[in-house]
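Everything below concerns the one structure shown next.
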Amino acid sequence: MEYNIYCDESCHLENDGINDMSIGAIWVPKSNVYKINSLIREIKIKNNFHIKSEAKWTKVCTKHLQLYFDLVDLFFNVSELKFRCLLIPNKSVLDHNRFNQTHDDWYYKMYFEMLSYIFDNNDSYNTYIDIKDTNSYKKSQKLHEVCCNSVYDFSGESIHKIQPIRSNEVEIMQLVDIFIGAVTYANRKFPEDHIKSIPKQKIIERIKQRSGRNLKKTSMLREDKFNLFIWRAR
């Protein structure tokens with residue numbers, strides 16, 4: 001089977017003042033991609049959301065709450081869609097010097113840790129990451145090298161490519177942004193005087209209800225629909 005994997009990350013910068021970060025992915029058989037992207041566009045049209053606009057976590061608001069409910073429900077209603085997220089709950093405890101690594105070195109390890117659960121040598125994969133900056137292409141090639149070497153796929157026979165794309169051009173990538181945004185927000189430590197977003201909390205509750213998970217504990221290993229791994233620094 002050939003799969004497309006769509007990846008994104010949230011709060012991944014080392015010194016951004018936010019305690020947690022996450023790296024996540026949604027994967028789907030390549031043959032289903034067109035159908036699912038079309039379903040997402042239909043949901044946008046139904047909710048009077050411009051078809052070219054991105055549905056993403058930072059845009060969650062009361063006005064478009066039903067849109068996000070519908071997108072969450074779409075994920076759980078379509079059996080071919082699978083989600084995996086690796087959450088780092090506390091970046092402040094990272095000690096890269098102890099392990100003789102840079103934050104970038106560790107970042108690639110975490111990305112592989114997230115993806116390794118998905119990869120199966122019997123299948124093939126096209127992996128896409130969201131373009132963040134001018135270094136995205138270089139990062140994608142380094143990640144491809146790390147992943148291929150780690151699973152002994154030196155010819156790229158299984159992991160065909162890891163390529164940066166723009167999230168506004170692929171609707172499934174927007175689903176990834178919403179889900180990792182929700183997981184990260186649910187695990188964030190806010191100042192005492194911070195007023196949390198009510199629409200975002202409602203979407204988190206919808207995900208909890210549909211997944212049967214509280215978003216703060218590692219899933220069972222065999223869970224493949226909504227798989228969450230809480231990574232702890234040693």
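Labeling convention for the structure tokens: chains A, B, ... as they appear, residues from 1 per chain, ligands from 1 in order of appearance.
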
Within 6 Å of stretch 172-188 of chain A: each stretch 48-90 of chain A residue with its shortest pair, only C-alpha atoms, as JSON lines:
```
{"residue": "A:Ala55", "atom": "CA", "partner": "A:Gln174", "partner_atom": "CA", "distance": 5.9}
{"residue": "A:Lys56", "atom": "CA", "partner": "A:Ile178", "partner_atom": "CA", "distance": 5.3}
{"residue": "A:Trp57", "atom": "CA", "partner": "A:Ile178", "partner_atom": "CA", "distance": 4.8}
```

Practice task
Write out as a count of residues only all residues of stretch 34-206 of chain A that DSSP puts in alpha helix (DSSP H) for this structure's backbone.
Solution key: 80

Exercise for the section: Check the DSSP output for the backbone and give back, as a PyMOL selection string, the residues of stretch 16-211 of chain A in strand (DSSP E). Expected result: chain A and resi 21-29+82-88+124-130+159-165

Practice task
Compare A:Ile129, A:Leu215, A:Val146, A:Asp73 by their minimum atom-to-atom distance to A:Trp106, counting only C-alpha atoms, and give me the closest one.
Solution key: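 The closest residue to A:Trp106 is A:Val146.
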
If you take only C-alpha atoms and a cut-off of 10 Å, which residues of stretch 11-47 of chain A touch stretch 224-229 of chain A, and what are their nearest atom pairs and distances in Å to one decimal, in chain and number order, as JSON lines?
```
{"residue": "A:Ser22", "atom": "CA", "partner": "A:Phe229", "partner_atom": "CA", "distance": 9.8}
{"residue": "A:Gly24", "atom": "CA", "partner": "A:Leu228", "partner_atom": "CA", "distance": 9.0}
{"residue": "A:Ala25", "atom": "CA", "partner": "A:Asn227", "partner_atom": "CA", "distance": 10.0}
{"residue": "A:Ile26", "atom": "CA", "partner": "A:Phe226", "partner_atom": "CA", "distance": 9.4}
{"residue": "A:Trp27", "atom": "CA", "partner": "A:Lys225", "partner_atom": "CA", "distance": 9.9}
```

Output all heavy atoms for every residue in the selection just made, as a PDB file, in the first residue's frame.
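The resulting file, selection_18.pdb, is reproduced below:
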```
ATOM      1  N   SER A  22       4.671  19.867  20.166  1.00  0.00           N
ATOM      2  CA  SER A  22       4.220  18.597  19.606  1.00  0.00           C
ATOM      3  C   SER A  22       4.606  18.496  18.136  1.00  0.00           C
ATOM      4  O   SER A  22       4.761  19.500  17.442  1.00  0.00           O
ATOM      5  CB  SER A  22       2.702  18.451  19.761  1.00  0.00           C
ATOM      6  OG  SER A  22       2.026  19.477  19.065  1.00  0.00           O
ATOM      7  N   GLY A  24       3.219  16.089  14.901  1.00  0.00           N
ATOM      8  CA  GLY A  24       2.140  15.158  14.600  1.00  0.00           C
ATOM      9  C   GLY A  24       1.967  14.906  13.124  1.00  0.00           C
ATOM     10  O   GLY A  24       2.532  15.599  12.278  1.00  0.00           O
ATOM     11  N   ALA A  25       1.165  13.890  12.822  1.00  0.00           N
ATOM     12  CA  ALA A  25       0.931  13.526  11.428  1.00  0.00           C
ATOM     13  C   ALA A  25      -0.425  12.852  11.258  1.00  0.00           C
ATOM     14  O   ALA A  25      -0.913  12.186  12.174  1.00  0.00           O
ATOM     15  CB  ALA A  25       2.026  12.587  10.933  1.00  0.00           C
ATOM     16  N   ILE A  26      -0.989  13.056  10.100  1.00  0.00           N
ATOM     17  CA  ILE A  26      -2.133  12.268   9.656  1.00  0.00           C
ATOM     18  C   ILE A  26      -1.676  11.509   8.426  1.00  0.00           C
ATOM     19  O   ILE A  26      -1.057  12.083   7.534  1.00  0.00           O
ATOM     20  CB  ILE A  26      -3.351  13.152   9.334  1.00  0.00           C
ATOM     21  CG1 ILE A  26      -4.015  13.639  10.638  1.00  0.00           C
ATOM     22  CG2 ILE A  26      -4.376  12.391   8.482  1.00  0.00           C
ATOM     23  CD1 ILE A  26      -5.184  14.576  10.437  1.00  0.00           C
ATOM     24  N   TRP A  27      -1.952  10.201   8.393  1.00  0.00           N
ATOM     25  CA  TRP A  27      -1.597   9.429   7.212  1.00  0.00           C
ATOM     26  C   TRP A  27      -2.832   8.732   6.645  1.00  0.00           C
ATOM     27  O   TRP A  27      -3.781   8.430   7.366  1.00  0.00           O
ATOM     28  CB  TRP A  27      -0.453   8.461   7.490  1.00  0.00           C
ATOM     29  CG  TRP A  27      -0.724   7.234   8.299  1.00  0.00           C
ATOM     30  CD1 TRP A  27      -0.879   5.955   7.841  1.00  0.00           C
ATOM     31  CD2 TRP A  27      -0.791   7.138   9.726  1.00  0.00           C
ATOM     32  NE1 TRP A  27      -1.047   5.084   8.894  1.00  0.00           N
ATOM     33  CE2 TRP A  27      -0.996   5.784  10.055  1.00  0.00           C
ATOM     34  CE3 TRP A  27      -0.694   8.090  10.764  1.00  0.00           C
ATOM     35  CZ2 TRP A  27      -1.121   5.342  11.379  1.00  0.00           C
ATOM     36  CZ3 TRP A  27      -0.831   7.660  12.071  1.00  0.00           C
ATOM     37  CH2 TRP A  27      -1.032   6.301  12.368  1.00  0.00           C
TER      38      TRP A  27
END
```

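In this structure, atom CA of A:Thr62 sits 8.1 Å away from atom CA of A:Ile198.
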
Exercise for the section: Could you give me, as a PyMOL selection string, the residues within 10 Å of A:Arg206, counting only C-alpha atoms and dropping anything in the same chain fewer than 6 positions from it? Expected result: chain A and resi 68-69+72-73+200+212

For the selection you just gave me, I'd like the residues written to a file as a PDB file, in the first residue's frame, keeping N, CA, C and O atoms.
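Result file follows (result_12.pdb):
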```pdb
ATOM      1  N   TYR A  68     -15.127  23.748  12.595  1.00  0.00           N
ATOM      2  CA  TYR A  68     -14.101  22.931  13.244  1.00  0.00           C
ATOM      3  C   TYR A  68     -14.703  21.659  13.852  1.00  0.00           C
ATOM      4  O   TYR A  68     -14.066  20.601  13.820  1.00  0.00           O
ATOM      5  N   PHE A  69     -15.915  21.752  14.373  1.00  0.00           N
ATOM      6  CA  PHE A  69     -16.609  20.540  14.835  1.00  0.00           C
ATOM      7  C   PHE A  69     -16.765  19.554  13.675  1.00  0.00           C
ATOM      8  O   PHE A  69     -16.514  18.358  13.819  1.00  0.00           O
ATOM      9  N   VAL A  72     -13.410  17.931  12.781  1.00  0.00           N
ATOM     10  CA  VAL A  72     -13.058  16.908  13.770  1.00  0.00           C
ATOM     11  C   VAL A  72     -13.882  15.647  13.525  1.00  0.00           C
ATOM     12  O   VAL A  72     -13.361  14.521  13.515  1.00  0.00           O
ATOM     13  N   ASP A  73     -15.178  15.821  13.305  1.00  0.00           N
ATOM     14  CA  ASP A  73     -16.053  14.673  13.071  1.00  0.00           C
ATOM     15  C   ASP A  73     -15.684  13.937  11.784  1.00  0.00           C
ATOM     16  O   ASP A  73     -15.750  12.700  11.721  1.00  0.00           O
ATOM     17  N   LYS A 200     -11.739  27.166  21.560  1.00  0.00           N
ATOM     18  CA  LYS A 200     -10.683  26.149  21.515  1.00  0.00           C
ATOM     19  C   LYS A 200     -10.947  25.053  22.548  1.00  0.00           C
ATOM     20  O   LYS A 200     -10.730  23.861  22.272  1.00  0.00           O
ATOM     21  N   GLY A 212     -12.106   9.342  22.917  1.00  0.00           N
ATOM     22  CA  GLY A 212     -12.111   8.601  24.169  1.00  0.00           C
ATOM     23  C   GLY A 212     -10.817   8.790  24.948  1.00  0.00           C
ATOM     24  O   GLY A 212     -10.508   8.022  25.856  1.00  0.00           O
TER      25      GLY A 212
END
```

Handout entry: One-decimal distance in Å that lies between atom CA of A:Glu2 and atom CA of A:Ser31
Key =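 We find that atom CA of A:Ser31 and atom CA of A:Glu2 lie 8.0 Å from each other.
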
For A:Asn168, find every residue with an atom within 8 Å (counting only C-alpha atoms), except residues of its own chain fewer than 6 positions away, and show them as an mmCIF file with all heavy atoms, in the first residue's frame.
```cif
data_model
loop_
_atom_site.group_PDB
_atom_site.id
_atom_site.type_symbol
_atom_site.label_atom_id
_atom_site.label_comp_id
_atom_site.auth_asym_id
_atom_site.auth_seq_id
_atom_site.Cartn_x
_atom_site.Cartn_y
_atom_site.Cartn_z
ATOM 1 N N LYS A 52 -10.587 28.728 -0.248
ATOM 2 C CA LYS A 52 -9.140 28.916 -0.352
ATOM 3 C C LYS A 52 -8.503 29.282 0.994
ATOM 4 O O LYS A 52 -7.276 29.303 1.128
ATOM 5 C CB LYS A 52 -8.818 30.035 -1.353
ATOM 6 C CG LYS A 52 -9.265 29.755 -2.782
ATOM 7 C CD LYS A 52 -8.353 28.765 -3.466
ATOM 8 C CE LYS A 52 -8.671 28.646 -4.948
ATOM 9 N NZ LYS A 52 -7.816 27.654 -5.622
ATOM 10 N N SER A 53 -9.339 29.585 1.993
ATOM 11 C CA SER A 53 -8.814 29.963 3.304
ATOM 12 C C SER A 53 -8.397 28.720 4.087
ATOM 13 O O SER A 53 -8.993 27.647 3.945
ATOM 14 C CB SER A 53 -9.853 30.743 4.101
ATOM 15 O OG SER A 53 -10.138 31.976 3.483
ATOM 16 N N GLU A 54 -7.393 28.895 4.934
ATOM 17 C CA GLU A 54 -6.924 27.795 5.766
ATOM 18 C C GLU A 54 -7.774 27.672 7.025
ATOM 19 O O GLU A 54 -8.036 28.661 7.716
ATOM 20 C CB GLU A 54 -5.481 28.028 6.189
ATOM 21 C CG GLU A 54 -4.444 27.647 5.177
ATOM 22 C CD GLU A 54 -3.053 27.687 5.769
ATOM 23 O OE1 GLU A 54 -2.604 26.679 6.345
ATOM 24 O OE2 GLU A 54 -2.410 28.746 5.655
ATOM 25 N N GLN A 174 -4.295 20.799 6.900
ATOM 26 C CA GLN A 174 -5.001 21.693 7.816
ATOM 27 C C GLN A 174 -5.618 20.914 8.981
ATOM 28 O O GLN A 174 -5.705 21.417 10.104
ATOM 29 C CB GLN A 174 -6.052 22.488 7.046
ATOM 30 C CG GLN A 174 -5.433 23.399 5.990
ATOM 31 C CD GLN A 174 -6.439 24.005 5.035
ATOM 32 O OE1 GLN A 174 -7.536 24.391 5.427
ATOM 33 N NE2 GLN A 174 -6.064 24.098 3.757
#
```

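For the pair atom CA of A:Pro199 and atom CA of A:Ser79, the separation is 26.1 Å.
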
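Proximity of A:Leu74, A:Ile195, A:Ile207, A:Cys7 to A:Ser38, computed with only C-alpha atoms, is greatest for A:Leu74.
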
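Of the listed residues (A:Asn97, A:Asn4, A:Asn77, A:Asn37), A:Asn4 comes nearest to A:Ser124; the distances count only C-alpha atoms.
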
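With only C-alpha atoms as the atoms that count, the residue of A:Trp231, A:Tyr34, A:Tyr137, A:Tyr125 with the shortest distance to A:Tyr111 is A:Trp231.
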
Handout entry: Residue nearest A:Ser219 among A:His194, A:Lys44, A:Lys109, A:Arg84 (counting only C-alpha atoms)
Key =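 Result for the nearest residue to A:Ser219: A:Arg84.
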